[in-house]
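Raw query.txt, compact mmCIF, N, CA and C atoms:
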# COMPACT_ATOMS: atom_id res chain seq x y z
N MET A 41 0.84 -1.18 0.00
CA MET A 41 0.00 0.00 0.00
C MET A 41 0.89 1.23 0.00
N ASP A 42 0.53 2.23 -0.76
CA ASP A 42 1.38 3.40 -0.90
C ASP A 42 1.25 4.39 0.25
N GLU A 43 0.17 4.36 0.99
CA GLU A 43 -0.03 5.22 2.15
C GLU A 43 -0.60 4.36 3.27
N PRO A 44 -0.30 4.70 4.52
CA PRO A 44 -0.90 3.94 5.62
C PRO A 44 -2.42 3.94 5.53
N SER A 45 -2.98 2.79 5.68
CA SER A 45 -4.43 2.59 5.69
C SER A 45 -5.11 2.84 4.34
N ARG A 46 -4.36 3.15 3.29
CA ARG A 46 -4.94 3.40 1.97
C ARG A 46 -5.36 2.08 1.33
N VAL A 47 -6.57 2.03 0.80
CA VAL A 47 -7.05 0.86 0.08
C VAL A 47 -6.68 1.06 -1.39
N PRO A 48 -5.78 0.22 -1.94
CA PRO A 48 -5.28 0.43 -3.29
C PRO A 48 -6.32 0.15 -4.37
N ASP A 49 -6.02 0.62 -5.59
CA ASP A 49 -6.93 0.44 -6.72
C ASP A 49 -7.18 -1.03 -7.05
N ASP A 50 -6.21 -1.89 -6.78
CA ASP A 50 -6.39 -3.30 -7.12
C ASP A 50 -7.01 -4.11 -5.97
N ALA A 51 -7.63 -3.43 -5.02
CA ALA A 51 -8.31 -4.10 -3.91
C ALA A 51 -9.55 -4.81 -4.44
N PHE A 52 -10.11 -5.65 -3.61
CA PHE A 52 -11.31 -6.41 -3.97
C PHE A 52 -12.56 -5.59 -3.73
N ASP A 53 -13.56 -5.76 -4.59
CA ASP A 53 -14.87 -5.15 -4.40
C ASP A 53 -15.76 -6.19 -3.72
N THR A 54 -15.78 -6.19 -2.39
CA THR A 54 -16.50 -7.23 -1.67
C THR A 54 -17.98 -6.93 -1.48
N ASP A 55 -18.41 -5.70 -1.70
CA ASP A 55 -19.83 -5.39 -1.52
C ASP A 55 -20.56 -5.21 -2.86
N GLY A 56 -19.86 -5.35 -3.97
CA GLY A 56 -20.49 -5.33 -5.28
C GLY A 56 -20.93 -3.98 -5.80
N ASP A 57 -20.37 -2.89 -5.24
CA ASP A 57 -20.79 -1.56 -5.69
C ASP A 57 -19.91 -1.00 -6.80
N GLY A 58 -18.92 -1.77 -7.23
CA GLY A 58 -18.05 -1.33 -8.30
C GLY A 58 -16.79 -0.61 -7.85
N ALA A 59 -16.67 -0.33 -6.56
CA ALA A 59 -15.49 0.36 -6.02
C ALA A 59 -14.69 -0.61 -5.16
N PRO A 60 -13.35 -0.62 -5.31
CA PRO A 60 -12.53 -1.51 -4.47
C PRO A 60 -12.63 -1.10 -3.00
N ASP A 61 -12.81 -2.07 -2.12
CA ASP A 61 -13.01 -1.73 -0.71
C ASP A 61 -12.27 -2.60 0.28
N THR A 62 -11.63 -3.67 -0.17
CA THR A 62 -10.98 -4.58 0.76
C THR A 62 -9.61 -4.97 0.22
N ALA A 63 -8.56 -4.72 0.99
CA ALA A 63 -7.20 -5.09 0.62
C ALA A 63 -6.71 -6.18 1.57
N VAL A 64 -6.01 -7.14 1.02
CA VAL A 64 -5.46 -8.23 1.80
C VAL A 64 -3.95 -8.26 1.58
N THR A 65 -3.19 -8.35 2.67
CA THR A 65 -1.74 -8.41 2.57
C THR A 65 -1.20 -9.27 3.70
N VAL A 66 0.07 -9.56 3.64
CA VAL A 66 0.74 -10.33 4.70
C VAL A 66 1.74 -9.40 5.37
N GLU A 67 1.71 -9.42 6.70
CA GLU A 67 2.69 -8.66 7.48
C GLU A 67 3.26 -9.60 8.54
N GLY A 68 4.52 -9.95 8.38
CA GLY A 68 5.11 -10.93 9.28
C GLY A 68 4.40 -12.26 9.08
N ILE A 69 3.89 -12.83 10.16
CA ILE A 69 3.16 -14.09 10.06
C ILE A 69 1.64 -13.88 10.05
N ASP A 70 1.19 -12.63 10.06
CA ASP A 70 -0.23 -12.32 10.08
C ASP A 70 -0.77 -12.01 8.69
N LEU A 71 -2.00 -12.40 8.45
CA LEU A 71 -2.74 -11.96 7.28
C LEU A 71 -3.48 -10.70 7.71
N VAL A 72 -3.34 -9.61 6.96
CA VAL A 72 -3.95 -8.34 7.31
C VAL A 72 -5.03 -8.01 6.28
N VAL A 73 -6.24 -7.72 6.77
CA VAL A 73 -7.36 -7.37 5.92
C VAL A 73 -7.79 -5.94 6.26
N ALA A 74 -7.67 -5.03 5.28
CA ALA A 74 -8.06 -3.63 5.47
C ALA A 74 -9.37 -3.40 4.71
N ILE A 75 -10.38 -2.85 5.39
CA ILE A 75 -11.71 -2.71 4.81
C ILE A 75 -12.13 -1.24 4.84
N ASP A 76 -12.53 -0.72 3.67
CA ASP A 76 -13.03 0.65 3.53
C ASP A 76 -14.55 0.59 3.48
N LEU A 77 -15.20 1.00 4.54
CA LEU A 77 -16.66 0.92 4.62
C LEU A 77 -17.38 2.13 4.03
N ASP A 78 -16.74 3.30 4.04
CA ASP A 78 -17.44 4.52 3.63
C ASP A 78 -17.02 5.05 2.26
N GLY A 79 -16.15 4.33 1.55
CA GLY A 79 -15.79 4.72 0.19
C GLY A 79 -14.80 5.86 0.07
N ASP A 80 -14.11 6.22 1.16
CA ASP A 80 -13.16 7.32 1.09
C ASP A 80 -11.75 6.86 0.71
N ARG A 81 -11.59 5.58 0.40
CA ARG A 81 -10.34 4.95 -0.03
C ARG A 81 -9.35 4.73 1.10
N PHE A 82 -9.79 4.92 2.36
CA PHE A 82 -8.96 4.62 3.52
C PHE A 82 -9.67 3.59 4.38
N ALA A 83 -8.91 2.67 4.95
CA ALA A 83 -9.48 1.59 5.74
C ALA A 83 -10.18 2.13 6.99
N ASP A 84 -11.37 1.61 7.22
CA ASP A 84 -12.12 1.93 8.43
C ASP A 84 -11.93 0.83 9.48
N HIS A 85 -11.67 -0.38 9.01
CA HIS A 85 -11.40 -1.52 9.90
C HIS A 85 -10.19 -2.25 9.37
N VAL A 86 -9.32 -2.68 10.29
CA VAL A 86 -8.18 -3.51 9.94
C VAL A 86 -8.23 -4.73 10.85
N LEU A 87 -8.24 -5.89 10.23
CA LEU A 87 -8.24 -7.15 10.96
C LEU A 87 -6.92 -7.86 10.73
N ARG A 88 -6.37 -8.42 11.79
CA ARG A 88 -5.14 -9.22 11.70
C ARG A 88 -5.52 -10.65 12.05
N ILE A 89 -5.17 -11.57 11.18
CA ILE A 89 -5.45 -12.98 11.40
C ILE A 89 -4.12 -13.68 11.62
N GLY A 90 -3.93 -14.21 12.81
CA GLY A 90 -2.66 -14.84 13.17
C GLY A 90 -2.59 -16.28 12.72
N PRO A 91 -1.42 -16.91 12.90
CA PRO A 91 -1.23 -18.29 12.47
C PRO A 91 -2.11 -19.29 13.22
N ASP A 92 -2.61 -18.89 14.37
CA ASP A 92 -3.50 -19.76 15.14
C ASP A 92 -4.97 -19.49 14.80
N ALA A 93 -5.22 -18.69 13.73
CA ALA A 93 -6.55 -18.33 13.25
C ALA A 93 -7.27 -17.36 14.18
N THR A 94 -6.57 -16.76 15.12
CA THR A 94 -7.14 -15.73 15.98
C THR A 94 -7.27 -14.43 15.18
N VAL A 95 -8.45 -13.82 15.23
CA VAL A 95 -8.68 -12.56 14.53
C VAL A 95 -8.68 -11.44 15.55
N ARG A 96 -7.84 -10.41 15.28
CA ARG A 96 -7.77 -9.25 16.16
C ARG A 96 -8.09 -8.01 15.34
N GLU A 97 -8.93 -7.15 15.88
CA GLU A 97 -9.19 -5.86 15.24
C GLU A 97 -8.09 -4.91 15.67
N GLN A 98 -7.56 -4.15 14.73
CA GLN A 98 -6.49 -3.21 15.03
C GLN A 98 -6.98 -1.79 14.84
N VAL A 99 -6.52 -0.90 15.70
CA VAL A 99 -6.88 0.51 15.59
C VAL A 99 -6.35 1.04 14.27
N VAL A 100 -7.20 1.66 13.47
CA VAL A 100 -6.83 2.07 12.12
C VAL A 100 -5.80 3.18 12.11
N ASP A 101 -5.95 4.21 12.92
CA ASP A 101 -5.02 5.33 12.85
C ASP A 101 -3.62 4.97 13.33
N ALA A 102 -3.47 3.83 13.99
CA ALA A 102 -2.14 3.40 14.45
C ALA A 102 -1.54 2.34 13.54
N TRP A 103 -2.29 1.90 12.52
CA TRP A 103 -1.78 0.81 11.69
C TRP A 103 -0.99 1.34 10.51
N ILE A 104 0.29 0.98 10.54
CA ILE A 104 1.17 1.27 9.42
C ILE A 104 1.94 -0.02 9.18
N PRO A 105 1.92 -0.56 7.96
CA PRO A 105 2.64 -1.81 7.73
C PRO A 105 4.08 -1.73 8.22
N GLY A 106 4.50 -2.77 8.95
CA GLY A 106 5.87 -2.83 9.44
C GLY A 106 6.06 -2.26 10.83
N HIS A 107 5.02 -1.74 11.45
CA HIS A 107 5.14 -1.19 12.79
C HIS A 107 4.36 -2.05 13.77
N ASP A 108 4.92 -2.19 14.95
CA ASP A 108 4.31 -2.98 16.00
C ASP A 108 3.03 -2.33 16.49
N GLU A 109 1.95 -3.12 16.64
CA GLU A 109 0.66 -2.57 17.04
C GLU A 109 0.64 -2.10 18.50
N PHE A 110 1.63 -2.49 19.29
CA PHE A 110 1.63 -2.12 20.70
C PHE A 110 2.55 -0.96 21.01
N GLY A 111 3.06 -0.29 19.98
CA GLY A 111 3.80 0.94 20.21
C GLY A 111 5.31 0.79 20.28
N ALA A 112 5.85 -0.39 20.03
CA ALA A 112 7.31 -0.53 20.06
C ALA A 112 7.94 0.35 18.99
N ASP A 113 7.29 0.48 17.87
CA ASP A 113 7.69 1.41 16.82
C ASP A 113 6.56 2.41 16.67
N GLU A 114 6.83 3.65 16.90
CA GLU A 114 5.77 4.67 16.81
C GLU A 114 5.42 4.93 15.36
N PRO A 115 4.10 5.09 15.04
CA PRO A 115 3.71 5.43 13.67
C PRO A 115 4.25 6.79 13.26
N ALA A 116 4.54 6.91 11.98
CA ALA A 116 5.05 8.18 11.46
C ALA A 116 3.94 9.21 11.43
N ASP A 117 4.29 10.46 11.61
CA ASP A 117 3.31 11.54 11.50
C ASP A 117 2.82 11.62 10.06
N GLN A 118 1.53 11.94 9.91
CA GLN A 118 0.95 12.00 8.58
C GLN A 118 0.61 13.41 8.22
Encoded form (structure tokens):
Amino acid sequence: MDEPSRVPDDAFDTDGDGAPDTAVTVEGIDLVVAIDLDGDRFADHVLRIGPDATVREQVVDAWIPGHDEFGADEPADQ
């Protein structure tokens, strides 16, 4: 993704409205699913699916690929 939380043009259209709204990527050992619910091209929900199939919702404004969700690496200013 070119910007944090940005849903790219090649994302999936999961609601059938013709606009891409769901991006799937891998970060470390987690599968990351970013979902744009309001059509503004930025993720409103980010889900992380771990190797044990545990699904965790992640705070969107703190999610930047490559940064620890618990603050070990602070997100860059936008």
Atom N of Asp92 (chain A) to CA of Val64 (chain A) measures 16.7 Å
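Restricting the calculation to only C-alpha atoms, the smallest distance between Pro91 (chain A) and any of A:Ala59, A:Val73, A:Gly68, A:Gly79 is found for A:Gly68.
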In terms of only C-alpha atoms, the residue from A:Pro48, A:Pro60, A:Val99, A:Val72 at minimal distance from Asp84 (chain A) is A:Val99
*Between A:Asp55, A:Asp49, A:Glu67, A:Glu97, which has the minimum distance to His85 (chain A) (counting only N, CA and C atoms)?*
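Nearest candidate to His85 (chain A) out of A:Asp55, A:Asp49, A:Glu67, A:Glu97: A:Glu97.
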Centre and edge lengths of an axis-aligned box around all listed atoms of region 75-89 of chain A, with 5 Å added on each side, are to be given in Å to one decimal, as lines of an AutoDock Vina configuration file.
center_x = -10.8
center_y = -3.2
center_z = 6.0
size_x = 23.3
size_y = 31.0
size_z = 22.1
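The space separating atom N of Gly58 (chain A) from CA of Leu87 (chain A) comes to 21.8 Å.
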CA of Arg88 (chain A) sits from CA of Asp70 (chain A) at a separation of 6.0 Å
Q: Report the residues of region 44-102 of chain A whose backbone DSSP state falls under strand (DSSP E), written as a ChimeraX atom specification.
A: /A:62-67,70-75,85-89,95-98
Q) If you count only N, CA and C atoms, which residues fall within 8 Å of Thr62 (chain A), apart from same-chain ones fewer than 4 positions away, as a ChimeraX atom specification? A) /A:47-48,50-55,73-77
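If only C-alpha atoms are the atoms counted, then among A:Ile89, A:Ala83, A:Gln98, A:Gly56 the closest residue to Leu71 (chain A) is A:Ile89.
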